[in-house]
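This is target-v1.txt (compact mmCIF, C-alpha atoms).
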# COMPACT_ATOMS: atom_id res chain seq x y z
CA MET A 1 106.55 134.71 136.79
CA ILE A 2 106.84 137.54 134.26
CA LEU A 3 110.31 139.04 133.98
CA SER A 4 110.99 142.65 133.04
CA GLY A 5 113.12 143.37 129.99
CA ASP A 6 116.00 144.32 132.28
CA ALA A 7 115.79 141.12 134.34
CA LEU A 8 115.49 138.99 131.21
CA THR A 9 118.53 140.67 129.64
CA LYS A 10 120.47 139.98 132.80
CA ARG A 11 119.55 136.29 132.80
CA VAL A 12 120.24 135.87 129.10
CA SER A 13 123.62 137.54 129.57
CA ALA A 14 124.56 135.23 132.44
CA LEU A 15 123.58 132.15 130.43
CA GLY A 16 125.31 133.38 127.29
CA PHE A 17 128.45 134.34 129.21
CA PHE A 18 128.73 130.82 130.57
CA VAL A 19 127.97 129.08 127.27
CA LEU A 20 130.35 131.17 125.14
CA PHE A 21 133.32 130.83 127.46
CA PRO A 22 133.63 127.87 129.87
CA GLY A 23 130.74 126.13 128.11
CA PHE A 24 132.60 126.48 124.80
CA ILE A 25 135.55 124.49 126.13
CA LEU A 26 133.35 121.80 127.67
CA TYR A 27 131.24 121.47 124.52
CA HIS A 28 134.16 121.11 122.11
CA THR A 29 135.99 118.68 124.38
CA LEU A 30 132.91 116.45 124.61
CA VAL A 31 132.50 116.64 120.82
CA ALA A 32 136.17 115.73 120.34
CA MET A 33 135.79 112.77 122.71
CA GLY A 34 132.76 111.57 120.74
CA MET A 35 130.47 111.87 123.75
CA ILE A 36 128.05 114.30 122.06
CA PRO A 37 127.37 115.23 118.43
CA ALA A 38 128.21 118.68 117.09
CA LEU A 39 124.62 119.84 117.31
CA LEU A 40 125.57 123.52 117.40
CA GLY A 41 128.43 123.42 114.93
CA GLY A 42 131.26 125.56 116.29
CA LEU A 43 128.94 126.86 119.06
CA PHE A 44 130.31 130.41 119.28
CA GLY A 45 128.77 131.65 116.03
CA VAL A 46 125.46 129.83 116.35
CA VAL A 47 124.88 130.87 119.95
CA SER A 48 125.96 134.45 119.18
CA VAL A 49 123.32 134.71 116.44
CA MET A 50 120.67 133.43 118.87
CA LEU A 51 121.76 135.99 121.45
CA PHE A 52 121.80 138.72 118.80
CA VAL A 53 118.13 138.10 118.04
CA VAL A 54 117.21 138.16 121.74
CA TYR A 55 119.27 141.27 122.47
CA CYS A 56 117.77 143.15 119.54
CA ALA A 57 114.31 142.45 120.97
CA LEU A 58 115.40 143.59 124.46
CA LEU A 59 117.64 146.50 123.49
CA SER A 60 114.96 149.14 123.95
CA SER A 61 114.68 148.23 127.64
CA GLN A 62 118.40 148.92 128.12
CA LEU A 63 119.04 152.03 126.07
CA HIS A 64 117.85 154.76 128.45
CA VAL A 65 120.04 153.78 131.40
CA LEU A 66 122.91 152.65 129.18
CA LEU A 67 123.09 155.91 127.25
CA SER A 68 122.42 158.22 130.20
CA ALA A 69 124.65 156.60 132.81
CA THR A 70 127.82 155.97 130.78
CA ARG A 71 128.54 159.64 130.03
CA GLY A 72 128.51 159.17 126.27
CA TYR A 73 130.67 156.02 126.17
CA ALA A 74 127.83 153.73 125.08
CA LEU A 75 126.69 156.28 122.50
CA LEU A 76 130.20 156.36 121.05
CA THR A 77 130.22 152.56 120.92
CA PHE A 78 126.95 152.41 118.98
CA ALA A 79 128.19 155.19 116.72
CA PHE A 80 131.25 153.07 115.93
CA PHE A 81 129.03 150.08 115.10
CA ALA A 82 126.90 152.24 112.79
CA TYR A 83 129.98 153.74 111.14
CA VAL A 84 131.49 150.31 110.40
CA LEU A 85 128.22 149.03 108.92
CA LEU A 86 127.79 152.14 106.77
CA TRP A 87 131.41 152.02 105.64
CA ALA A 88 131.08 148.39 104.55
CA LEU A 89 127.81 148.99 102.71
CA VAL A 90 129.13 152.05 100.87
CA ASN A 91 132.29 150.28 99.75
CA PHE A 92 130.34 147.26 98.58
CA GLY A 93 127.88 149.49 96.74
CA LEU A 94 130.64 151.46 95.00
CA VAL A 95 132.91 148.57 94.04
CA GLY A 96 130.85 145.37 94.18
CA GLY A 97 132.25 141.98 93.20
CA GLY A 98 133.05 138.80 95.05
CA ILE A 99 135.86 140.22 97.19
CA MET A 100 133.76 143.15 98.38
CA ARG A 101 130.88 140.76 99.13
CA ALA A 102 133.21 138.59 101.23
CA ALA A 103 134.50 141.68 103.06
CA LEU A 104 130.94 142.86 103.72
CA ILE A 105 129.89 139.47 105.10
CA GLN A 106 132.98 139.35 107.32
CA THR A 107 132.20 142.81 108.67
CA ILE A 108 128.54 141.96 109.36
CA GLU A 109 129.60 138.78 111.19
CA THR A 110 132.01 140.84 113.28
CA LEU A 111 129.32 143.42 114.07
CA VAL A 112 126.98 140.68 115.30
CA LEU A 113 129.67 139.40 117.66
CA TRP A 114 130.54 142.94 118.81
CA LEU A 115 126.95 143.80 119.67
CA VAL A 116 126.39 140.49 121.47
CA LEU A 117 129.56 140.76 123.55
CA PHE A 118 129.02 144.44 124.30
CA ILE A 119 125.51 143.92 125.68
CA MET A 120 126.63 140.75 127.45
CA GLY A 121 129.50 142.57 129.14
CA TYR A 122 127.13 145.39 130.10
CA ARG A 123 124.50 143.13 131.71
CA VAL A 124 126.34 140.05 132.95
CA PRO A 125 125.69 139.79 136.72
CA LEU A 126 129.23 139.57 138.07
CA ASP A 127 127.87 139.44 141.62
CA SER A 128 125.73 136.35 140.97
CA PRO A 129 126.69 133.46 143.30
CA ARG A 130 125.09 130.98 140.92
CA LEU A 131 127.18 132.21 137.99
CA ALA A 132 130.31 132.12 140.14
CA ARG A 133 129.62 128.51 141.18
CA ALA A 134 129.07 127.49 137.55
CA PHE A 135 132.39 129.07 136.50
CA TRP A 136 134.27 127.48 139.40
CA LEU A 137 132.84 124.06 138.55
CA ALA A 138 133.73 124.46 134.88
CA PHE A 139 137.26 125.58 135.78
CA ALA A 140 137.73 122.56 138.05
CA LEU A 141 136.60 120.22 135.26
CA ILE A 142 138.80 121.89 132.63
CA ALA A 143 141.92 122.09 134.81
CA GLY A 144 141.39 118.55 136.10
CA TYR A 145 141.05 117.16 132.60
CA LEU A 146 144.17 118.94 131.36
CA LEU A 147 146.15 117.72 134.37
CA PHE A 148 144.98 114.19 133.57
CA HIS A 149 145.94 114.70 129.91
CA VAL A 150 149.49 115.77 130.76
CA ALA A 151 149.94 113.06 133.39
CA THR A 152 148.73 110.20 131.17
CA THR A 153 150.20 111.26 127.81
CA GLY A 154 153.30 113.19 128.86
CA GLN A 155 152.35 115.84 126.31
CA TRP A 156 152.32 119.50 127.36
CA MET A 157 150.01 120.47 124.53
CA PHE A 158 146.32 119.69 124.13
CA PHE A 159 144.88 119.74 120.61
CA ALA A 160 141.26 118.67 120.67
CA ARG A 161 141.15 118.24 116.89
CA ARG A 162 143.72 115.46 117.07
CA MET A 163 141.25 113.38 119.02
CA VAL A 164 138.87 113.29 116.06
CA GLU A 165 139.45 111.02 113.07
CA GLU A 166 136.61 112.46 110.98
CA GLY A 167 134.68 115.70 111.24
CA GLY A 168 137.50 117.60 112.91
CA GLU A 169 136.22 120.84 111.40
CA ASN A 170 133.47 120.78 114.05
CA VAL A 171 136.06 120.95 116.84
CA SER A 172 137.61 124.28 117.77
CA THR A 173 141.24 125.15 117.20
CA TYR A 174 143.50 126.03 120.11
CA GLN A 175 142.75 129.75 119.56
CA GLY A 176 139.08 129.22 120.43
CA TYR A 177 139.99 127.24 123.53
CA ALA A 178 142.48 129.88 124.67
CA ARG A 179 140.04 132.75 124.12
CA SER A 180 137.43 131.10 126.31
CA ALA A 181 139.93 130.05 128.96
CA LEU A 182 141.31 133.60 129.14
CA VAL A 183 137.88 135.10 129.85
CA LEU A 184 137.11 132.32 132.35
CA LEU A 185 140.28 133.07 134.32
CA VAL A 186 139.83 136.85 134.18
CA PHE A 187 136.29 136.49 135.55
CA LEU A 188 137.35 134.21 138.42
CA ILE A 189 140.25 136.47 139.41
CA ALA A 190 137.93 139.50 139.38
CA ILE A 191 135.29 137.95 141.63
CA SER A 192 137.76 136.33 144.05
CA GLU A 193 138.69 138.26 147.17
CA ARG A 194 141.25 136.14 149.03
CA ALA A 195 144.91 136.41 148.10
CA VAL A 196 145.53 132.68 148.40
CA VAL A 197 142.63 131.91 146.04
CA ARG A 198 143.93 134.37 143.46
CA ALA A 199 147.43 132.91 143.79
CA GLY A 200 146.14 129.40 143.17
CA LEU A 201 144.14 130.64 140.19
CA ILE A 202 147.17 132.31 138.67
CA VAL A 203 149.42 129.24 138.98
CA LEU A 204 146.80 126.76 137.80
CA GLY A 205 145.57 129.23 135.18
CA ALA A 206 149.10 129.58 133.78
CA PHE A 207 149.23 125.79 133.47
CA VAL A 208 145.89 125.71 131.64
CA MET A 209 146.85 128.48 129.24
CA PHE A 210 150.21 126.84 128.55
CA VAL A 211 148.71 123.44 127.76
CA LEU A 212 146.10 124.98 125.45
CA GLY A 213 148.93 126.27 123.32
CA ALA A 214 148.02 129.83 122.27
CA ARG A 215 151.07 132.00 122.89
CA SER A 216 149.42 135.41 122.75
CA GLU A 217 146.68 134.54 125.26
CA LEU A 218 149.19 132.84 127.58
CA TYR A 219 151.53 135.83 127.76
CA ALA A 220 148.65 138.28 127.98
CA PHE A 221 147.37 136.35 131.00
CA LEU A 222 150.80 136.31 132.62
CA ALA A 223 151.24 140.04 132.00
CA LEU A 224 147.82 140.77 133.49
CA THR A 225 148.45 138.73 136.62
CA LEU A 226 151.83 140.40 137.12
CA VAL A 227 150.25 143.86 136.83
CA LEU A 228 147.40 142.97 139.21
CA LEU A 229 149.75 141.45 141.79
CA LEU A 230 152.04 144.48 141.62
CA LEU A 231 149.02 146.72 142.09
CA TRP A 232 147.72 144.75 145.05
CA ALA A 233 151.21 144.25 146.50
CA GLY A 234 151.55 148.01 146.86
CA MET A 235 148.50 147.99 149.11
CA SER A 236 149.00 144.83 151.15
CA VAL A 237 151.90 142.84 152.58
CA LYS A 238 149.80 139.73 152.03
CA TYR A 239 149.78 140.35 148.30
CA MET A 240 153.49 141.14 148.28
CA LEU A 241 154.12 137.69 149.72
CA THR A 242 151.63 136.23 147.27
CA LEU A 243 153.45 137.84 144.35
CA LEU A 244 156.76 136.35 145.48
CA ALA A 245 155.18 132.93 146.02
CA VAL A 246 153.55 132.90 142.57
CA ILE A 247 156.78 133.91 140.83
CA ALA A 248 158.71 131.25 142.74
CA ALA A 249 156.13 128.57 141.89
CA LEU A 250 156.16 129.40 138.18
CA ILE A 251 159.96 129.48 138.05
CA ALA A 252 160.16 126.16 139.86
CA LEU A 253 157.68 124.60 137.44
CA VAL A 254 159.54 125.82 134.35
CA VAL A 255 162.95 124.75 135.70
CA SER A 256 161.75 121.29 136.74
CA GLN A 257 160.08 120.64 133.39
CA PHE A 258 162.42 122.61 131.15
CA GLU A 259 163.44 119.67 128.95
CA ALA A 260 159.82 118.77 128.27
CA LEU A 261 158.89 122.41 127.66
CA ALA A 262 161.90 123.44 125.60
CA GLY A 263 160.42 122.28 122.32
CA SER A 264 156.97 123.75 122.90
CA ARG A 265 155.61 126.51 120.69
CA GLN A 266 155.07 128.71 123.76
CA LEU A 267 158.81 129.00 124.37
CA GLN A 268 159.43 129.83 120.72
CA VAL A 269 158.95 133.46 121.74
CA LEU A 270 162.60 133.32 122.80
CA ASP A 271 163.50 133.01 119.09
CA LEU A 272 160.56 134.10 116.95
CA SER A 273 162.71 134.78 113.90
CA GLY A 274 162.82 131.09 113.12
CA THR A 275 159.08 130.39 113.33
CA SER A 276 156.96 130.25 110.19
CA SER A 277 153.91 131.81 111.84
CA TRP A 278 155.89 134.84 112.98
CA LEU A 279 157.39 135.34 109.53
CA ALA A 280 153.94 135.07 107.95
CA ARG A 281 152.57 137.67 110.36
CA GLN A 282 155.46 139.98 109.58
CA ASN A 283 154.65 139.75 105.88
CA LEU A 284 150.95 140.42 106.48
CA GLY A 285 151.78 143.41 108.67
CA GLN A 286 154.11 144.85 106.04
CA ARG A 287 151.43 144.46 103.38
CA ALA A 288 148.88 146.25 105.58
CA SER A 289 151.35 149.08 106.27
CA GLU A 290 151.88 149.55 102.54
CA GLN A 291 148.13 149.77 101.98
CA ILE A 292 147.81 152.39 104.73
CA LEU A 293 150.67 154.45 103.32
CA ALA A 294 149.03 154.30 99.90
CA ASN A 295 145.76 155.69 101.30
CA PRO A 296 146.20 156.88 104.91
CA LEU A 297 142.75 158.44 105.23
CA LEU A 298 140.47 155.78 103.73
CA GLY A 299 142.58 152.65 103.94
CA ARG A 300 141.50 149.85 101.63
CA PHE A 301 138.31 148.05 102.61
CA GLY A 302 138.75 144.33 102.03
CA GLY A 303 142.41 144.84 101.19
CA HIS A 304 143.35 141.74 103.17
CA ILE A 305 141.22 139.47 100.96
CA ARG A 306 142.93 137.84 97.99
CA SER A 307 139.88 135.83 96.89
CA PRO A 308 136.28 135.44 98.13
CA GLU A 309 137.24 132.10 99.69
CA ILE A 310 140.36 133.34 101.53
CA THR A 311 139.55 136.09 104.04
CA GLY A 312 142.27 135.56 106.65
CA GLY A 313 145.05 137.62 105.12
CA TYR A 314 144.72 140.50 107.59
CA ALA A 315 147.44 142.03 109.72
CA HIS A 316 147.44 140.49 113.17
CA SER A 317 147.23 143.78 115.00
CA MET A 318 145.07 146.87 115.34
CA ILE A 319 146.32 148.30 112.02
CA SER A 320 143.92 145.86 110.33
CA ALA A 321 141.18 148.25 111.52
CA TRP A 322 142.91 151.12 109.67
CA VAL A 323 143.13 149.10 106.46
CA ASN A 324 139.52 147.97 106.57
CA TYR A 325 137.70 150.98 108.06
CA GLY A 326 139.95 153.94 107.42
CA LEU A 327 141.65 156.32 109.84
CA LEU A 328 138.41 157.26 111.63
CA GLY A 329 137.46 153.63 112.12
CA PHE A 330 140.92 152.90 113.51
CA VAL A 331 140.75 155.83 115.93
CA LEU A 332 137.29 154.82 117.17
CA TYR A 333 138.24 151.15 117.50
CA LEU A 334 141.42 151.82 119.43
CA GLY A 335 139.89 154.72 121.38
CA LEU A 336 137.08 152.60 122.82
CA THR A 337 139.53 150.13 124.34
CA VAL A 338 142.03 152.76 125.46
CA SER A 339 139.38 154.90 127.16
CA ALA A 340 137.88 151.85 128.88
CA PHE A 341 141.31 150.75 130.10
CA VAL A 342 142.31 154.23 131.27
CA GLY A 343 138.96 154.78 132.99
CA ALA A 344 139.15 151.46 134.83
CA THR A 345 142.79 152.08 135.76
CA TYR A 346 141.88 155.46 137.22
CA ARG A 347 139.14 153.86 139.33
CA LEU A 348 141.49 151.20 140.67
CA LEU A 349 144.50 153.41 141.33
CA PHE A 350 143.07 156.76 142.37
CA VAL A 351 139.50 156.12 143.51
CA GLY A 352 140.35 152.87 145.26
CA ALA A 353 137.57 150.83 143.64
CA ARG A 354 137.69 147.15 144.61
CA ASP A 355 134.37 146.07 143.13
CA ALA A 356 134.56 142.98 140.91
CA ARG A 357 133.10 144.99 138.02
CA TRP A 358 135.99 147.43 138.00
CA VAL A 359 138.58 144.67 138.37
CA PHE A 360 136.95 142.77 135.50
CA ALA A 361 136.72 145.90 133.34
CA PHE A 362 140.37 146.73 133.97
CA SER A 363 141.53 143.16 133.38
CA ILE A 364 139.62 142.38 130.19
CA ASN A 365 140.51 145.74 128.63
CA PHE A 366 144.15 145.33 129.61
CA VAL A 367 144.49 141.98 127.84
CA CYS A 368 142.47 143.21 124.85
CA LEU A 369 144.57 146.36 124.48
CA LEU A 370 147.78 144.36 124.74
CA LEU A 371 146.62 141.79 122.20
CA ILE A 372 145.21 144.17 119.59
CA VAL A 373 148.49 146.06 119.67
CA LEU A 374 150.60 142.93 119.28
CA ALA A 375 148.66 139.97 117.94
CA LYS A 376 144.93 140.26 117.16
CA PRO A 377 143.09 141.68 114.14
CA VAL A 378 140.02 143.91 114.18
CA PHE A 379 137.87 140.85 113.54
CA TRP A 380 138.78 139.39 116.95
CA PRO A 381 135.55 140.09 118.87
CA LEU A 382 136.75 140.09 122.49
CA PRO A 383 137.39 143.87 122.81
CA ALA A 384 133.62 144.41 122.65
CA LEU A 385 133.28 142.40 125.88
CA GLY A 386 135.69 144.87 127.46
CA TRP A 387 133.65 147.83 126.18
CA GLY A 388 130.53 146.31 127.74
CA ALA A 389 132.31 145.53 131.00
CA PHE A 390 133.38 149.17 131.30
CA ALA A 391 129.81 150.35 130.63
CA ASN A 392 128.62 147.86 133.27
CA ALA A 393 130.98 149.28 135.88
CA LEU A 394 130.08 152.88 134.97
CA VAL A 395 126.33 152.27 135.24
CA THR A 396 126.69 150.42 138.54
CA SER A 397 128.80 153.19 140.06
CA ARG A 398 126.36 155.85 138.87
CA GLN A 399 123.40 153.99 140.34
CA ARG A 400 125.17 153.45 143.65
CA GLN A 401 125.98 157.15 143.85
CA SER A 402 122.32 157.94 143.23
CA SER A 403 121.32 155.41 145.87
CA ASP A 404 123.73 156.92 148.41
CA ALA A 405 122.40 160.39 147.67
CA THR A 406 118.84 159.15 148.18
CA GLN A 407 119.77 157.62 151.53
CA GLN A 408 121.42 160.83 152.69
CA ALA A 409 118.62 163.17 151.63
CA GLY A 410 115.17 163.17 153.24
CA PRO A 411 111.91 163.46 151.33
CA THR A 412 112.08 167.26 151.51
CA GLY A 413 115.59 167.27 149.98
CA THR A 414 117.35 168.05 153.32
CA ARG A 415 120.27 166.02 154.65
CA ARG A 416 119.29 162.98 156.71
CA GLY A 417 122.14 163.70 159.07
CA ALA A 418 120.59 166.98 160.30
CA PRO A 419 119.39 166.70 163.95
CA GLY A 420 115.70 165.95 164.24
CA GLN A 421 115.00 165.84 160.53
CA HIS A 422 115.66 162.10 160.13
CA ASP A 423 113.13 161.21 162.84
CA ALA A 424 110.56 163.63 161.43
CA ALA A 425 110.86 162.07 158.02
CA ARG A 426 110.53 158.60 159.51
CA ASP A 427 107.38 159.57 161.43
CA SER A 428 105.78 161.15 158.39
CA GLN A 429 106.23 157.92 156.43
CA GLY A 430 104.85 155.70 159.17
CA CYS A 431 107.39 152.91 158.45
CA ASN A 432 111.08 152.25 158.79
CA ASP A 433 113.70 152.84 156.10
CA ASN A 434 113.99 149.17 155.14
CA GLU A 435 110.36 148.67 154.26
CA SER A 436 109.06 148.96 150.73
CA GLY A 437 107.20 152.12 149.89
CA THR A 438 109.71 154.49 151.48
CA SER A 439 111.58 157.20 149.66
CA ASP A 440 114.70 155.02 149.86
CA LEU A 441 114.33 153.66 146.31
CA ARG A 442 117.39 151.49 145.76
CA PRO A 443 117.82 150.35 142.14
CA SER A 444 118.13 146.63 141.60
CA ALA A 445 121.69 145.36 141.49
CA LEU A 446 123.16 144.83 138.04

Serialized structure, structure tokens:
Amino acid sequence: MILSGDALTKRVSALGFFVLFPGFILYHTLVAMGMIPALLGGLFGVVSVMLFVVYCALLSSQLHVLLSATRGYALLTFAFFAYVLLWALVNFGLVGGGIMRAALIQTIETLVLWLVLFIMGYRVPLDSPRLARAFWLAFALIAGYLLFHVATTGQWMFFARRMVEEGGENVSTYQGYARSALVLLVFLIAISERAVVRAGLIVLGAFVMFVLGARSELYAFLALTLVLLLLWAGMSVKYMLTLLAVIAALIALVVSQFEALAGSRQLQVLDLSGTSSWLARQNLGQRASEQILANPLLGRFGGHIRSPEITGGYAHSMISAWVNYGLLGFVLYLGLTVSAFVGATYRLLFVGARDARWVFAFSINFVCLLLIVLAKPVFWPLPALGWGAFANALVTSRQRQSSDATQQAGPTGTRRGAPGQHDAARDSQGCNDNESGTSDLRPSAL
């Protein structure tokens, strides 16, 4: 069987989506347990490079629909990618040196991840039953293992690296686990339809995110679920009861286990002033603000890098984009996420969209917007998945509108609903509307 470029992109996106998110957690846990070798290193980077090569080869098959059906959004996204690459190359060419080389490499690595996640978000088949089953199975394995971990060790934190005596650098930190778990949960909530299923996901998902230990992802997930439940509660008594039940369950869990949870890093948000990580982030943010004030238009490319070997000194917020890519880069970076979030919010609130694509686009852009404002630097790649998810929802809606218009209009351009014209059109075709070869050309589902 020969697949078209579009069908192949769709399958690659489904496979990559599974591998980079639930598959990432399963892979690193098995490596930490010594059950498999670290054949793919940290997985995320290696697999992303593989996907980048495939997507570059298939990109031409996607560009026409992507650029024409997203009303300029995809074009703006690619323009941002080109701007960032050009900005990095120009700065490296003008200044040179080890620090500029490290900044250029970091930017190129980020661009690879952005392109991969953008195309993946655009083409991942959210309506695929096979993909849904794979995610549900992975979630059951992950949640089951973490429940077993807490029950047998009494520890409310899971650090995979502590399971490894040697070669721990091949096992992901808790940030990698939390990133993948967050996307896994957002996807399952988006594709689920029953209130009781979503309620169970939220409670069990909160447990998973808590045990994995990343504070920003945990509270972003809780904020998202609260917003979604409030949104749905305004439309259904069932969801109002679900909201109350979820809140009661989470409160009961925290109260019953408060002594065990009191010393956890997740509850340190109640007193961040005494935590070393918060103080370090405050210092990095102040340094970035000083660099912006010194040059508000151009920023300072690579200003977060103290030496070619130490590239993590960036502000943990969206202002890192201003420092590294100037005011225009900051505006484009923030604008892509804001416009995707606002567009998806409009669809949910005012158009009444309930499609999984719009729920996913709203959810992933909500958590990304929240986190880039509060906790994540420009080099965090997940916002690009949100940009792609918004493009996915836009293209699907546009194609469905075209399909509906085709169904309503006869071959002569008249309305199908006009008396006598529908039958005349049917007779002239010699077949019914569901057979191939009719004028009812429905595009394949994304």

query: Residues at most 8 Å from segment 321-334 of chain A, counting all atoms listed in the file, excluding those fewer than 6 positions away in the same chain, as a ChimeraX atom specification?
result: /A:80,83-84,87-88,288,291-292,296-303,377-378

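Proximity ranking of A:Val112, A:Leu349, A:Leu284, A:Val338 relative to Ser320 of chain A places A:Leu284 first, based on all atoms listed in the file.
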
- prompt: How far is it from atom CA of Ala102 of chain A to atom CA of Leu89 of chain A, in Å with one decimal?
  reply: 11.8 Å

query: Quick one: of A:Leu111, A:Pro308, A:Asn365, A:Ala340, who's nearest to Gly96 of chain A, counting all atoms listed in the file?
result: A:Pro308

task: One decimal, Å: what's the distance from atom CA of Ser4 of chain A over to atom CA of Arg400 of chain A, could you say?
output: 20.7 Å

query: How far is it from atom CA of Arg11 of chain A to atom CA of Arg133 of chain A, in Å with one decimal?
result: 15.2 Å

Per residue of segment 106-164 of chain A within 6 Å of segment 204-217 of chain A, what are the shortest atom pair and its distance in Å to one decimal, counting all atoms listed in the file, with rows by chain and residue number, as a Markdown table?
| residue | atom | partner | partner_atom | distance |
| --- | --- | --- | --- | --- |
| A:Trp156 | CA | A:Val211 | CA | 5.4 |
| A:Met157 | CA | A:Val211 | CA | 4.6 |
| A:Phe158 | CA | A:Leu212 | CA | 5.5 |

- request: Neighbourhood query: residues within 10 Å of (146.8, 142.0, 132.6), file coordinates, counting only C-alpha atoms; return as a PyMOL selection string.
  value: chain A and resi 186+219-229+362-370

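For the choices A:Leu336, A:Thr110, A:Ala315, A:Phe187, the atom-to-atom distance to Val359 of chain A is smallest for A:Phe187 when using all atoms listed in the file.
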
Non-local contacts of segment 382-384 of chain A (6 Å; all atoms listed in the file; under 3 positions in same chain excluded) as a ChimeraX atom specification: /A:114,117-118,368,387

query: Which one of A:Leu94, A:Gln282, A:Tyr122, A:Leu86 sits closest to Ile108 of chain A if you count all atoms listed in the file?
result: A:Leu86

For Phe390 of chain A: contacts at 7 Å, all atoms listed in the file, fewer than 4 positions along chain excluded, given as a PyMOL selection string: chain A and resi 340+361+386+394

Name the residues in contact with Phe24 of chain A at a cut-off of 10 Å, using all atoms listed in the file, excluding same-chain residues fewer than 3 positions from it; report them as an mmCIF file with C-alpha atoms, keeping the file's coordinate frame.
data_model
loop_
_atom_site.group_PDB
_atom_site.id
_atom_site.type_symbol
_atom_site.label_atom_id
_atom_site.label_comp_id
_atom_site.auth_asym_id
_atom_site.auth_seq_id
_atom_site.Cartn_x
_atom_site.Cartn_y
_atom_site.Cartn_z
ATOM 1 C CA PHE A 17 128.450 134.340 129.210
ATOM 2 C CA PHE A 18 128.730 130.820 130.570
ATOM 3 C CA VAL A 19 127.970 129.080 127.270
ATOM 4 C CA LEU A 20 130.350 131.170 125.140
ATOM 5 C CA PHE A 21 133.320 130.830 127.460
ATOM 6 C CA TYR A 27 131.240 121.470 124.520
ATOM 7 C CA HIS A 28 134.160 121.110 122.110
ATOM 8 C CA THR A 29 135.990 118.680 124.380
ATOM 9 C CA GLY A 42 131.260 125.560 116.290
ATOM 10 C CA LEU A 43 128.940 126.860 119.060
ATOM 11 C CA PHE A 44 130.310 130.410 119.280
ATOM 12 C CA SER A 172 137.610 124.280 117.770
ATOM 13 C CA GLY A 176 139.080 129.220 120.430
ATOM 14 C CA TYR A 177 139.990 127.240 123.530
ATOM 15 C CA ARG A 179 140.040 132.750 124.120
ATOM 16 C CA SER A 180 137.430 131.100 126.310
ATOM 17 C CA ALA A 181 139.930 130.050 128.960
#

Mind writing segment 345-357 of chain A to a file for me, with N, CA and C atoms, as an mmCIF file, in the first residue's frame?
data_model
loop_
_atom_site.group_PDB
_atom_site.id
_atom_site.type_symbol
_atom_site.label_atom_id
_atom_site.label_comp_id
_atom_site.auth_asym_id
_atom_site.auth_seq_id
_atom_site.Cartn_x
_atom_site.Cartn_y
_atom_site.Cartn_z
ATOM 1 N N THR A 345 -10.585 29.826 22.832
ATOM 2 C CA THR A 345 -11.559 30.230 23.854
ATOM 3 C C THR A 345 -12.833 30.756 23.204
ATOM 4 N N TYR A 346 -12.670 31.555 22.157
ATOM 5 C CA TYR A 346 -13.836 32.072 21.440
ATOM 6 C C TYR A 346 -14.677 30.921 20.881
ATOM 7 N N ARG A 347 -14.022 29.932 20.307
ATOM 8 C CA ARG A 347 -14.749 28.789 19.738
ATOM 9 C C ARG A 347 -15.521 28.044 20.819
ATOM 10 N N LEU A 348 -14.911 27.853 21.983
ATOM 11 C CA LEU A 348 -15.576 27.102 23.037
ATOM 12 C C LEU A 348 -16.719 27.887 23.670
ATOM 13 N N LEU A 349 -16.492 29.185 23.914
ATOM 14 C CA LEU A 349 -17.478 29.970 24.650
ATOM 15 C C LEU A 349 -18.609 30.507 23.779
ATOM 16 N N PHE A 350 -18.266 30.987 22.589
ATOM 17 C CA PHE A 350 -19.256 31.709 21.795
ATOM 18 C C PHE A 350 -19.760 30.949 20.576
ATOM 19 N N VAL A 351 -18.972 30.031 20.066
ATOM 20 C CA VAL A 351 -19.423 29.223 18.929
ATOM 21 C C VAL A 351 -20.010 27.902 19.402
ATOM 22 N N GLY A 352 -19.633 27.505 20.622
ATOM 23 C CA GLY A 352 -20.154 26.262 21.173
ATOM 24 C C GLY A 352 -19.454 25.018 20.652
ATOM 25 N N ALA A 353 -18.205 25.154 20.218
ATOM 26 C CA ALA A 353 -17.467 23.998 19.703
ATOM 27 C C ALA A 353 -17.210 23.001 20.826
ATOM 28 N N ARG A 354 -17.431 21.729 20.544
ATOM 29 C CA ARG A 354 -17.187 20.668 21.519
ATOM 30 C C ARG A 354 -16.253 19.613 20.958
ATOM 31 N N ASP A 355 -15.747 19.853 19.762
ATOM 32 C CA ASP A 355 -14.837 18.913 19.125
ATOM 33 C C ASP A 355 -13.568 18.764 19.957
ATOM 34 N N ALA A 356 -13.022 17.548 19.989
ATOM 35 C CA ALA A 356 -11.813 17.289 20.775
ATOM 36 C C ALA A 356 -10.659 18.187 20.349
ATOM 37 N N ARG A 357 -10.607 18.546 19.060
ATOM 38 C CA ARG A 357 -9.511 19.396 18.587
ATOM 39 C C ARG A 357 -9.544 20.773 19.230
#
